[in-house]
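Coordinates as given in query25.cif (mmCIF, C-alpha atoms (C1' of nucleotides)):
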```cif
data_run
#
loop_
_atom_site.label_atom_id
_atom_site.label_comp_id
_atom_site.auth_asym_id
_atom_site.auth_seq_id
_atom_site.Cartn_x
_atom_site.Cartn_y
_atom_site.Cartn_z
CA MET A 1 53.38 15.58 -27.98
CA ASP A 2 53.13 14.64 -31.63
CA ASP A 3 56.57 13.86 -33.04
CA ALA A 4 57.94 10.33 -33.09
CA ILE A 5 60.88 10.81 -30.77
CA SER A 6 58.78 12.47 -28.12
CA ASN A 7 56.42 9.54 -28.29
CA THR A 8 59.26 7.09 -27.94
CA PHE A 9 60.86 8.81 -24.97
CA SER A 10 57.49 9.30 -23.39
CA ALA A 11 56.70 5.62 -23.76
CA LEU A 12 60.04 4.72 -22.20
CA ALA A 13 59.47 7.06 -19.27
CA ASP A 14 57.17 4.62 -17.51
CA PRO A 15 58.70 1.77 -15.47
CA THR A 16 55.78 -0.53 -16.16
CA ARG A 17 56.24 -0.05 -19.88
CA ARG A 18 59.97 -0.58 -19.65
CA ALA A 19 59.30 -3.79 -17.74
CA ILE A 20 56.88 -4.88 -20.44
CA LEU A 21 59.49 -4.23 -23.10
CA ALA A 22 62.08 -6.13 -21.10
CA ARG A 23 59.71 -9.03 -20.80
CA LEU A 24 59.06 -8.94 -24.51
CA ALA A 25 62.76 -9.18 -25.20
CA LEU A 26 62.42 -12.74 -23.91
CA GLY A 27 59.93 -13.39 -26.66
CA GLU A 28 56.51 -12.58 -28.00
CA THR A 29 53.67 -13.28 -25.63
CA SER A 30 50.03 -12.62 -24.75
CA VAL A 31 48.54 -9.63 -22.99
CA THR A 32 47.51 -11.69 -19.97
CA ASP A 33 51.07 -12.91 -19.67
CA LEU A 34 52.40 -9.43 -19.79
CA ALA A 35 49.91 -8.26 -17.20
CA ALA A 36 50.61 -11.04 -14.70
CA PRO A 37 53.67 -9.59 -12.92
CA PHE A 38 51.98 -6.28 -12.24
CA GLU A 39 49.61 -5.30 -9.51
CA MET A 40 47.27 -3.54 -11.85
CA SER A 41 44.17 -4.32 -13.83
CA MET A 42 44.16 -5.70 -17.34
CA PRO A 43 42.75 -2.54 -18.86
CA ALA A 44 45.65 -0.63 -17.35
CA VAL A 45 48.11 -2.94 -19.07
CA SER A 46 46.05 -2.76 -22.22
CA LYS A 47 46.47 1.00 -22.16
CA HIS A 48 50.20 0.72 -21.65
CA LEU A 49 50.35 -1.56 -24.65
CA ARG A 50 48.40 0.95 -26.65
CA VAL A 51 50.97 3.59 -25.74
CA LEU A 52 53.80 1.31 -26.77
CA GLU A 53 52.00 0.52 -29.99
CA ASN A 54 51.45 4.19 -30.80
CA ALA A 55 55.14 4.73 -30.21
CA GLY A 56 55.80 1.92 -32.69
CA LEU A 57 57.71 -0.03 -30.07
CA VAL A 58 55.34 -2.93 -30.25
CA GLU A 59 53.27 -4.71 -32.83
CA ARG A 60 50.20 -6.82 -32.26
CA GLY A 61 49.11 -9.94 -34.03
CA ARG A 62 46.13 -12.16 -33.76
CA GLN A 63 45.93 -15.83 -33.00
CA ALA A 64 42.50 -16.99 -31.95
CA GLN A 65 41.47 -15.01 -28.84
CA TYR A 66 45.04 -14.01 -28.27
CA ARG A 67 46.64 -10.83 -29.48
CA PRO A 68 50.31 -11.68 -29.18
CA VAL A 69 52.55 -8.70 -28.64
CA LYS A 70 55.83 -8.43 -30.47
CA LEU A 71 58.70 -5.98 -30.27
CA ARG A 72 59.73 -3.51 -32.91
CA ALA A 73 63.22 -2.09 -32.56
CA ALA A 74 63.07 0.72 -35.09
CA PRO A 75 62.02 3.54 -32.73
CA LEU A 76 64.72 2.46 -30.35
CA ARG A 77 67.31 3.08 -33.03
CA GLU A 78 65.94 6.57 -33.44
CA ALA A 79 65.91 7.30 -29.73
CA ALA A 80 69.37 5.90 -29.14
CA GLY A 81 70.51 7.85 -32.17
CA TRP A 82 69.20 11.08 -30.76
CA ILE A 83 70.96 10.56 -27.48
CA GLU A 84 74.23 9.46 -29.02
CA GLN A 85 74.22 12.36 -31.43
CA TYR A 86 74.56 14.69 -28.49
CA ARG A 87 75.93 12.61 -25.71
CA GLN A 88 79.49 12.36 -26.87
CA PHE A 89 79.41 16.02 -27.78
CA TRP A 90 78.13 16.78 -24.34
CA GLU A 91 80.76 14.73 -22.62
CA GLU A 92 83.31 16.78 -24.49
CA SER A 93 81.65 20.11 -24.00
CA PHE A 94 81.27 19.33 -20.34
CA ASP A 95 85.02 19.10 -19.91
CA ARG A 96 85.64 21.89 -22.37
CA LEU A 97 83.30 24.24 -20.56
CA ASP A 98 84.59 23.19 -17.22
CA SER A 99 88.13 24.22 -17.98
CA PHE A 100 86.91 27.25 -19.85
CA LEU A 101 84.96 28.42 -16.84
CA LYS A 102 87.87 27.87 -14.52
CA HIS A 103 89.94 30.02 -16.84
CA LEU A 104 87.20 32.61 -16.88
CA GLN A 105 86.87 32.69 -13.13
CA ALA A 106 90.60 33.13 -12.77
CA GLU A 107 90.37 36.09 -15.12
CA GLN A 108 87.46 37.61 -13.27
CA ALA A 109 89.42 37.41 -10.06
CA LYS A 110 91.69 40.09 -11.50
CA GLY A 111 89.29 42.38 -13.39
CA PRO A 112 85.56 41.61 -12.95
CA LYS A 113 84.44 43.77 -15.89
CA GLU A 114 83.11 41.74 -18.82
CA ARG A 115 80.13 39.46 -18.28
CA LYS A 116 80.14 36.22 -20.21
CA THR A 117 76.36 35.81 -20.38
CA THR A 118 75.92 39.27 -21.86
CA LYS A 119 78.08 38.33 -24.77
CA ALA A 120 76.21 35.03 -25.12
CA ARG A 121 72.96 36.93 -25.48
CA LYS A 122 74.28 38.91 -28.41
CA GLU A 123 75.22 35.86 -30.40
CA LYS A 124 71.74 34.49 -29.88
CA ARG A 125 70.60 32.36 -32.72
CA ASP A 126 67.39 30.60 -33.63
CA VAL A 127 67.62 27.02 -32.44
CA ARG A 128 63.94 26.21 -32.80
CA LYS A 129 63.19 22.55 -32.13
CA PRO A 130 66.03 20.89 -33.98
CA ASN A 131 64.51 17.56 -32.96
CA MET B 3 57.58 8.60 -11.52
CA ASP B 4 60.38 8.44 -9.01
CA ASP B 5 63.30 6.50 -10.42
CA ALA B 6 66.17 8.20 -12.21
CA ILE B 7 65.73 6.66 -15.65
CA SER B 8 62.05 7.47 -15.74
CA ASN B 9 62.92 11.05 -14.91
CA THR B 10 65.51 11.19 -17.65
CA PHE B 11 63.27 9.74 -20.35
CA SER B 12 60.42 11.90 -19.19
CA ALA B 13 62.59 14.98 -19.42
CA LEU B 14 63.67 14.01 -22.93
CA ALA B 15 60.10 13.43 -24.03
CA ASP B 16 59.46 17.14 -24.51
CA PRO B 17 60.63 18.82 -27.73
CA THR B 18 61.16 22.15 -25.99
CA ARG B 19 63.43 20.51 -23.48
CA ARG B 20 65.32 18.63 -26.17
CA ALA B 21 65.79 21.92 -28.00
CA ILE B 22 67.10 23.50 -24.82
CA LEU B 23 69.57 20.67 -24.39
CA ALA B 24 70.64 20.99 -28.01
CA ARG B 25 71.18 24.68 -27.51
CA LEU B 26 73.20 24.02 -24.38
CA ALA B 27 75.47 21.70 -26.32
CA LEU B 28 76.70 24.89 -27.98
CA GLY B 29 77.74 26.17 -24.60
CA GLU B 30 76.52 27.34 -21.24
CA THR B 31 74.17 30.28 -21.33
CA SER B 32 71.56 32.28 -19.46
CA VAL B 33 67.88 31.52 -18.95
CA THR B 34 66.78 34.50 -21.02
CA ASP B 35 68.94 33.25 -23.86
CA LEU B 36 67.47 29.83 -23.68
CA ALA B 37 63.96 31.22 -23.63
CA ALA B 38 64.42 33.51 -26.66
CA PRO B 39 63.74 31.03 -29.49
CA PHE B 40 60.51 29.83 -27.97
CA GLU B 41 57.09 31.31 -28.15
CA MET B 42 56.41 30.85 -24.50
CA SER B 43 56.76 32.82 -21.31
CA MET B 44 59.85 32.92 -19.15
CA PRO B 45 58.22 31.05 -16.28
CA ALA B 46 57.38 28.25 -18.68
CA VAL B 47 61.03 27.93 -19.66
CA SER B 48 62.01 28.21 -16.03
CA LYS B 49 59.82 25.21 -15.31
CA HIS B 50 61.35 23.23 -18.14
CA LEU B 51 64.75 23.98 -16.69
CA ARG B 52 63.57 22.81 -13.32
CA VAL B 53 62.51 19.53 -14.89
CA LEU B 54 65.87 19.16 -16.61
CA GLU B 55 67.61 19.97 -13.34
CA ASN B 56 65.59 17.41 -11.41
CA ALA B 57 66.55 14.86 -14.03
CA GLY B 58 70.17 15.84 -13.44
CA LEU B 59 70.58 16.79 -17.08
CA VAL B 60 71.43 20.35 -16.24
CA GLU B 61 73.27 22.24 -13.55
CA ARG B 62 72.82 25.85 -12.57
CA GLY B 63 75.40 28.34 -11.47
CA ARG B 64 75.23 31.90 -10.35
CA GLN B 65 76.94 34.94 -11.80
CA ALA B 66 75.45 38.21 -10.66
CA GLN B 67 71.77 38.26 -11.70
CA TYR B 68 72.37 35.45 -14.13
CA ARG B 69 71.88 31.78 -13.40
CA PRO B 70 73.92 30.20 -16.18
CA VAL B 71 72.72 26.77 -17.21
CA LYS B 72 75.22 24.03 -17.90
CA LEU B 73 74.86 20.51 -19.21
CA ARG B 74 75.49 17.30 -17.29
CA ALA B 75 75.99 14.19 -19.38
CA ALA B 76 75.75 11.54 -16.67
CA PRO B 77 72.02 10.76 -16.93
CA LEU B 78 72.40 10.52 -20.68
CA ARG B 79 74.89 7.74 -20.22
CA GLU B 80 72.38 5.91 -18.09
CA ALA B 81 69.52 6.39 -20.55
CA ALA B 82 71.60 5.43 -23.57
CA GLY B 83 72.83 2.47 -21.56
CA TRP B 84 69.33 1.28 -20.87
CA ILE B 85 68.37 1.47 -24.51
CA GLU B 86 71.54 -0.16 -25.80
CA GLN B 87 71.26 -2.94 -23.26
CA TYR B 88 68.08 -4.08 -24.96
CA ARG B 89 68.24 -2.64 -28.43
CA GLN B 90 70.74 -5.00 -29.94
CA PHE B 91 69.03 -7.88 -28.20
CA TRP B 92 65.76 -6.68 -29.65
CA GLU B 93 67.13 -6.35 -33.13
CA GLU B 94 68.20 -9.96 -32.85
CA SER B 95 65.06 -11.26 -31.23
CA PHE B 96 63.01 -9.45 -33.82
CA ASP B 97 64.54 -11.49 -36.60
CA ARG B 98 64.63 -14.62 -34.49
CA LEU B 99 60.95 -14.35 -33.63
CA ASP B 100 60.05 -13.43 -37.15
CA SER B 101 61.47 -16.60 -38.63
CA PHE B 102 60.23 -18.58 -35.69
CA LEU B 103 56.69 -17.37 -36.25
CA LYS B 104 56.84 -18.10 -39.96
CA HIS B 105 57.92 -21.60 -39.09
CA LEU B 106 55.09 -21.85 -36.58
CA GLN B 107 52.49 -20.62 -39.01
CA ALA B 108 53.60 -23.15 -41.58
CA GLU B 109 53.18 -25.84 -38.96
CA GLN B 110 49.75 -24.61 -37.95
CA ALA B 111 48.64 -24.77 -41.57
CA LYS B 112 48.91 -28.56 -41.30
CA GLY B 113 47.66 -29.27 -37.77
CA PRO B 114 46.22 -26.26 -35.87
CA LYS B 115 46.27 -27.98 -32.47
CA GLU B 116 48.88 -26.56 -30.11
CA ARG B 117 48.69 -22.88 -29.23
CA LYS B 118 51.92 -21.05 -28.72
CA THR B 119 50.58 -18.49 -26.25
CA THR B 120 49.19 -21.20 -24.02
CA LYS B 121 52.64 -22.62 -23.55
CA ALA B 122 54.02 -19.16 -22.99
CA ARG B 123 51.57 -18.69 -20.13
CA LYS B 124 52.85 -21.77 -18.36
CA GLU B 125 56.44 -20.65 -18.40
CA LYS B 126 55.40 -17.33 -16.89
CA ARG B 127 58.04 -15.84 -14.74
CA ASP B 128 58.24 -12.85 -12.44
CA VAL B 129 59.74 -9.98 -14.37
CA ARG B 130 58.78 -7.25 -11.94
CA LYS B 131 60.20 -3.89 -12.95
CA PRO B 132 63.75 -4.82 -13.86
CA ASN B 133 64.41 -1.16 -14.46
"C1'" DA C 23 68.14 55.17 -2.62
"C1'" DG C 24 65.64 54.00 -6.78
"C1'" DT C 25 65.33 51.78 -11.23
"C1'" DT C 26 66.32 48.28 -14.35
"C1'" DT C 27 67.45 43.45 -15.54
"C1'" DA C 28 67.27 38.41 -14.66
"C1'" DT C 29 64.95 34.90 -12.72
"C1'" DT C 30 61.80 32.52 -9.60
"C1'" DT C 31 57.48 31.81 -7.07
"C1'" DA C 32 52.49 31.94 -6.54
"C1'" DA C 33 48.08 31.14 -7.97
"C1'" DC C 34 45.54 29.83 -11.16
"C1'" DT C 35 43.65 26.98 -15.77
"C1'" DT C 36 43.39 23.25 -18.92
"C1'" DC C 37 44.56 18.97 -20.67
"C1'" DT C 38 46.24 14.42 -20.35
"C1'" DA C 39 48.25 10.16 -18.18
"C1'" DG C 40 47.34 6.42 -15.57
"C1'" DG C 41 44.50 4.11 -12.92
"C1'" DT C 42 39.77 2.14 -11.64
"C1'" DT C 43 35.19 -0.84 -12.46
"C1'" DA C 44 31.75 -2.42 -15.45
"C1'" DT C 45 30.49 -3.78 -19.98
"C1'" DA C 46 31.27 -5.29 -24.78
"C1'" DT C 47 33.49 -8.11 -28.34
"C1'" DA C 48 35.51 -12.10 -30.24
"C1'" DA C 49 37.02 -16.63 -30.57
"C1'" DC C 50 37.31 -21.02 -28.52
"C1'" DC C 51 35.24 -25.35 -26.32
"C1'" DT C 52 31.55 -28.41 -25.19
"C1'" DA D 23 23.44 -22.60 -28.46
"C1'" DG D 24 25.79 -21.48 -24.18
"C1'" DG D 25 29.70 -20.87 -21.31
"C1'" DT D 26 34.48 -19.67 -20.77
"C1'" DT D 27 38.70 -17.17 -21.91
"C1'" DA D 28 41.26 -13.21 -23.78
"C1'" DT D 29 41.20 -8.62 -24.69
"C1'" DA D 30 39.29 -4.05 -25.69
"C1'" DT D 31 36.18 -0.14 -24.83
"C1'" DA D 32 33.43 3.12 -22.02
"C1'" DA D 33 32.88 6.05 -18.39
"C1'" DC D 34 34.72 7.78 -14.75
"C1'" DC D 35 38.36 9.77 -11.11
"C1'" DT D 36 42.56 11.97 -9.62
"C1'" DA D 37 47.07 13.83 -9.89
"C1'" DG D 38 50.30 16.12 -12.29
"C1'" DA D 39 52.29 18.49 -16.55
"C1'" DA D 40 52.48 22.56 -19.11
"C1'" DG D 41 51.04 26.79 -19.83
"C1'" DT D 42 49.35 31.55 -18.31
"C1'" DT D 43 49.66 36.35 -15.68
"C1'" DA D 44 51.05 38.87 -11.73
"C1'" DA D 45 54.02 39.55 -7.95
"C1'" DA D 46 58.48 38.64 -5.39
"C1'" DT D 47 63.52 38.34 -5.08
"C1'" DA D 48 68.22 39.48 -6.10
"C1'" DA D 49 71.86 41.77 -7.99
"C1'" DA D 50 73.52 45.56 -11.06
"C1'" DC D 51 73.74 50.46 -12.61
"C1'" DT D 52 73.13 55.26 -12.08
#
```
Rendering of file as structure tokens:
Amino acid sequence: MDDAISNTFSALADPTRRAILARLALGETSVTDLAAPFEMSMPAVSKHLRVLENAGLVERGRQAQYRPVKLRAAPLREAAGWIEQYRQFWEESFDRLDSFLKHLQAEQAKGPKERKTTKARKEKRDVRKPN
Amino acid sequence: MDDAISNTFSALADPTRRAILARLALGETSVTDLAAPFEMSMPAVSKHLRVLENAGLVERGRQAQYRPVKLRAAPLREAAGWIEQYRQFWEESFDRLDSFLKHLQAEQAKGPKERKTTKARKEKRDVRKPN
DNA sequence: AGTTTATTTAACTTCTAGGTTATATAACCT
DNA sequence: AGGTTATATAACCTAGAAGTTAAATAAACT
């Protein structure tokens, strides 16, 4: 895992971290505060915060002994962007393929000769990590 | 990791899997096809597909020896939903907090007595895994 | 029936994520 | 200076993720 989006999604994949983010939406606060609702040690929370920070989802300040944690929305834009870029396409292609396959099955019922996946293999194309 | 959203984000956190999904947006295809662009073994890709399937992002059919892989958009809706639910709030709160903190710092410059985080601790509230 | 093609399963390895406890650092308060 | 509070770091453990190779399964083609 080294690219930004992977980091973002990975950070969001943990319920504790999502809860922390949700809490932070209510406002900036201290690490101890953030840790309170969870049945886990402070260092564990500290690590989660480190993950969130590495993903750029969170920023840390300093006020006396406190290291207030603050949200950063930028990576969220990226992540949401990635999903949206495909999602609506997928919703379409889901329906499109669905009807297409029904059509194909109806055709195969008559003459089961040509195999769709064989053709698909021929038009193989290099789709290497389009991120 | 056991909840649906965690599974979805976790599945999306891998660039190989995102590439597979991107490829599938072009249409349903076979496992061999999907594996082709990657420098990894078939079983590796098979495992990735299993992950995507467990996350509900993909559905598998059967046509002869082939197990065509097809997209499912539902979990994407959920994931995008989760992000959007907070994102716009975060964008706001980011600005809100920013100006708030500037105001606070200006105040502290005069009389550095009250600590913001101390107050925050008192109004602590149980935000246990709101998913 | 035997071979080829497509895919999965099994049995491993290696690395990392997420947790622990114990200790260190840093700033505040007497 | 000494004690308390807030947080981070170190050192460790365990489970699981991601990859490998080798073998098993399933359907097609002669």
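Using only C-alpha atoms (C1' of nucleotides), the part of chain D that sits within 12 Å of chain A is made up of DT26, DT27, DA28, DT29, DA30, DT31, DA32, DA39, DA40 and DA50 of chain D.
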For chain C, list the residues within 9 Å of chain B, counting only C-alpha atoms (C1' of nucleotides), and write the list as a list of chain:residue names.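 Only these qualify: C:DT27, C:DA28, C:DT29, C:DT30.
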Could you list, as an MDAnalysis selection string, every residue within 12 Å of DT43 of chain D, counting all atoms listed in the file and ignoring same-chain residues fewer than 2 positions away? (chainID B and resid 43:46) or (chainID C and resid 32:35) or (chainID D and resid 41 45)
Might I get the box with edges along x, y and z of the file that holds all atoms of segment 56-60 of chain B listed there, padded by 5 Å on every side, given as centre and edge lengths in Å to one decimal, as lines of an AutoDock Vina configuration file?
```
center_x = 68.5
center_y = 17.6
center_z = -14.2
size_x = 15.8
size_y = 15.5
size_z = 15.7
```
Do a neighbour search on DT43 of chain C at 10 Å with all atoms listed in the file, toss out local chain neighbours closer than 2 positions, and write the hits as a PyMOL selection string. (chain A and resi 41) or (chain C and resi 45) or (chain D and resi 33-34)
Quick one: residues within 8 Å of Arg60 of chain A, all atoms listed in the file, excluding same-chain residues fewer than 5 positions away - as number ranges by chain? A: 53, 67-70
Can you list, as JSON, numbers by chain, every protein, DNA or RNA residue that comes within 12 Å of Asp4 of chain B when you count all atoms listed in the file, leaving out same-chain residues fewer than 6 positions away? {"A": [13, 14, 15], "B": [10, 11, 12, 56, 57, 133]}
Keeping C-alpha atoms for every residue in the selection just given, could you write it to a file as a PDB file, keeping the file's coordinate frame?
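Once everything was written out, this is part_14.pdb:
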```pdb
ATOM      1  CA  ALA A  13      59.470   7.060 -19.270  1.00  0.00           C
ATOM      2  CA  ASP A  14      57.170   4.620 -17.510  1.00  0.00           C
ATOM      3  CA  PRO A  15      58.700   1.770 -15.470  1.00  0.00           C
TER       4      PRO A  15
ATOM      5  CA  THR B  10      65.510  11.190 -17.650  1.00  0.00           C
ATOM      6  CA  PHE B  11      63.270   9.740 -20.350  1.00  0.00           C
ATOM      7  CA  SER B  12      60.420  11.900 -19.190  1.00  0.00           C
ATOM      8  CA  ASN B  56      65.590  17.410 -11.410  1.00  0.00           C
ATOM      9  CA  ALA B  57      66.550  14.860 -14.030  1.00  0.00           C
ATOM     10  CA  ASN B 133      64.410  -1.160 -14.460  1.00  0.00           C
TER      11      ASN B 133
END
```
Distance atom C1' of DT42 of chain C-atom CA of Val45 of chain A, one decimal place?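 Between atom C1' of DT42 of chain C and atom CA of Val45 of chain A the gap is 12.3 Å.
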Shell of 9 Å around Leu59 of chain B, only C-alpha atoms (C1' of nucleotides), local chain residues under 4 positions omitted, as a PDB file with C-alpha atoms, in the frame of the given file:
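Output (around_30.pdb):
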```pdb
ATOM      1  CA  THR B  10      65.510  11.190 -17.650  1.00  0.00           C
ATOM      2  CA  ALA B  13      62.590  14.980 -19.420  1.00  0.00           C
ATOM      3  CA  LEU B  23      69.570  20.670 -24.390  1.00  0.00           C
ATOM      4  CA  VAL B  53      62.510  19.530 -14.890  1.00  0.00           C
ATOM      5  CA  LEU B  54      65.870  19.160 -16.610  1.00  0.00           C
ATOM      6  CA  GLU B  55      67.610  19.970 -13.340  1.00  0.00           C
ATOM      7  CA  LYS B  72      75.220  24.030 -17.900  1.00  0.00           C
ATOM      8  CA  LEU B  73      74.860  20.510 -19.210  1.00  0.00           C
ATOM      9  CA  ARG B  74      75.490  17.300 -17.290  1.00  0.00           C
ATOM     10  CA  ALA B  75      75.990  14.190 -19.380  1.00  0.00           C
ATOM     11  CA  ALA B  76      75.750  11.540 -16.670  1.00  0.00           C
ATOM     12  CA  PRO B  77      72.020  10.760 -16.930  1.00  0.00           C
ATOM     13  CA  LEU B  78      72.400  10.520 -20.680  1.00  0.00           C
TER      14      LEU B  78
END
```
Looking at B:Leu51, B:Gln65, B:Gln87, B:Arg25, which one is nearest to DA49 of chain D, with distances taken over all atoms listed in the file?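 Ranking B:Leu51, B:Gln65, B:Gln87, B:Arg25 by distance to DA49 of chain D, first place goes to B:Gln65.
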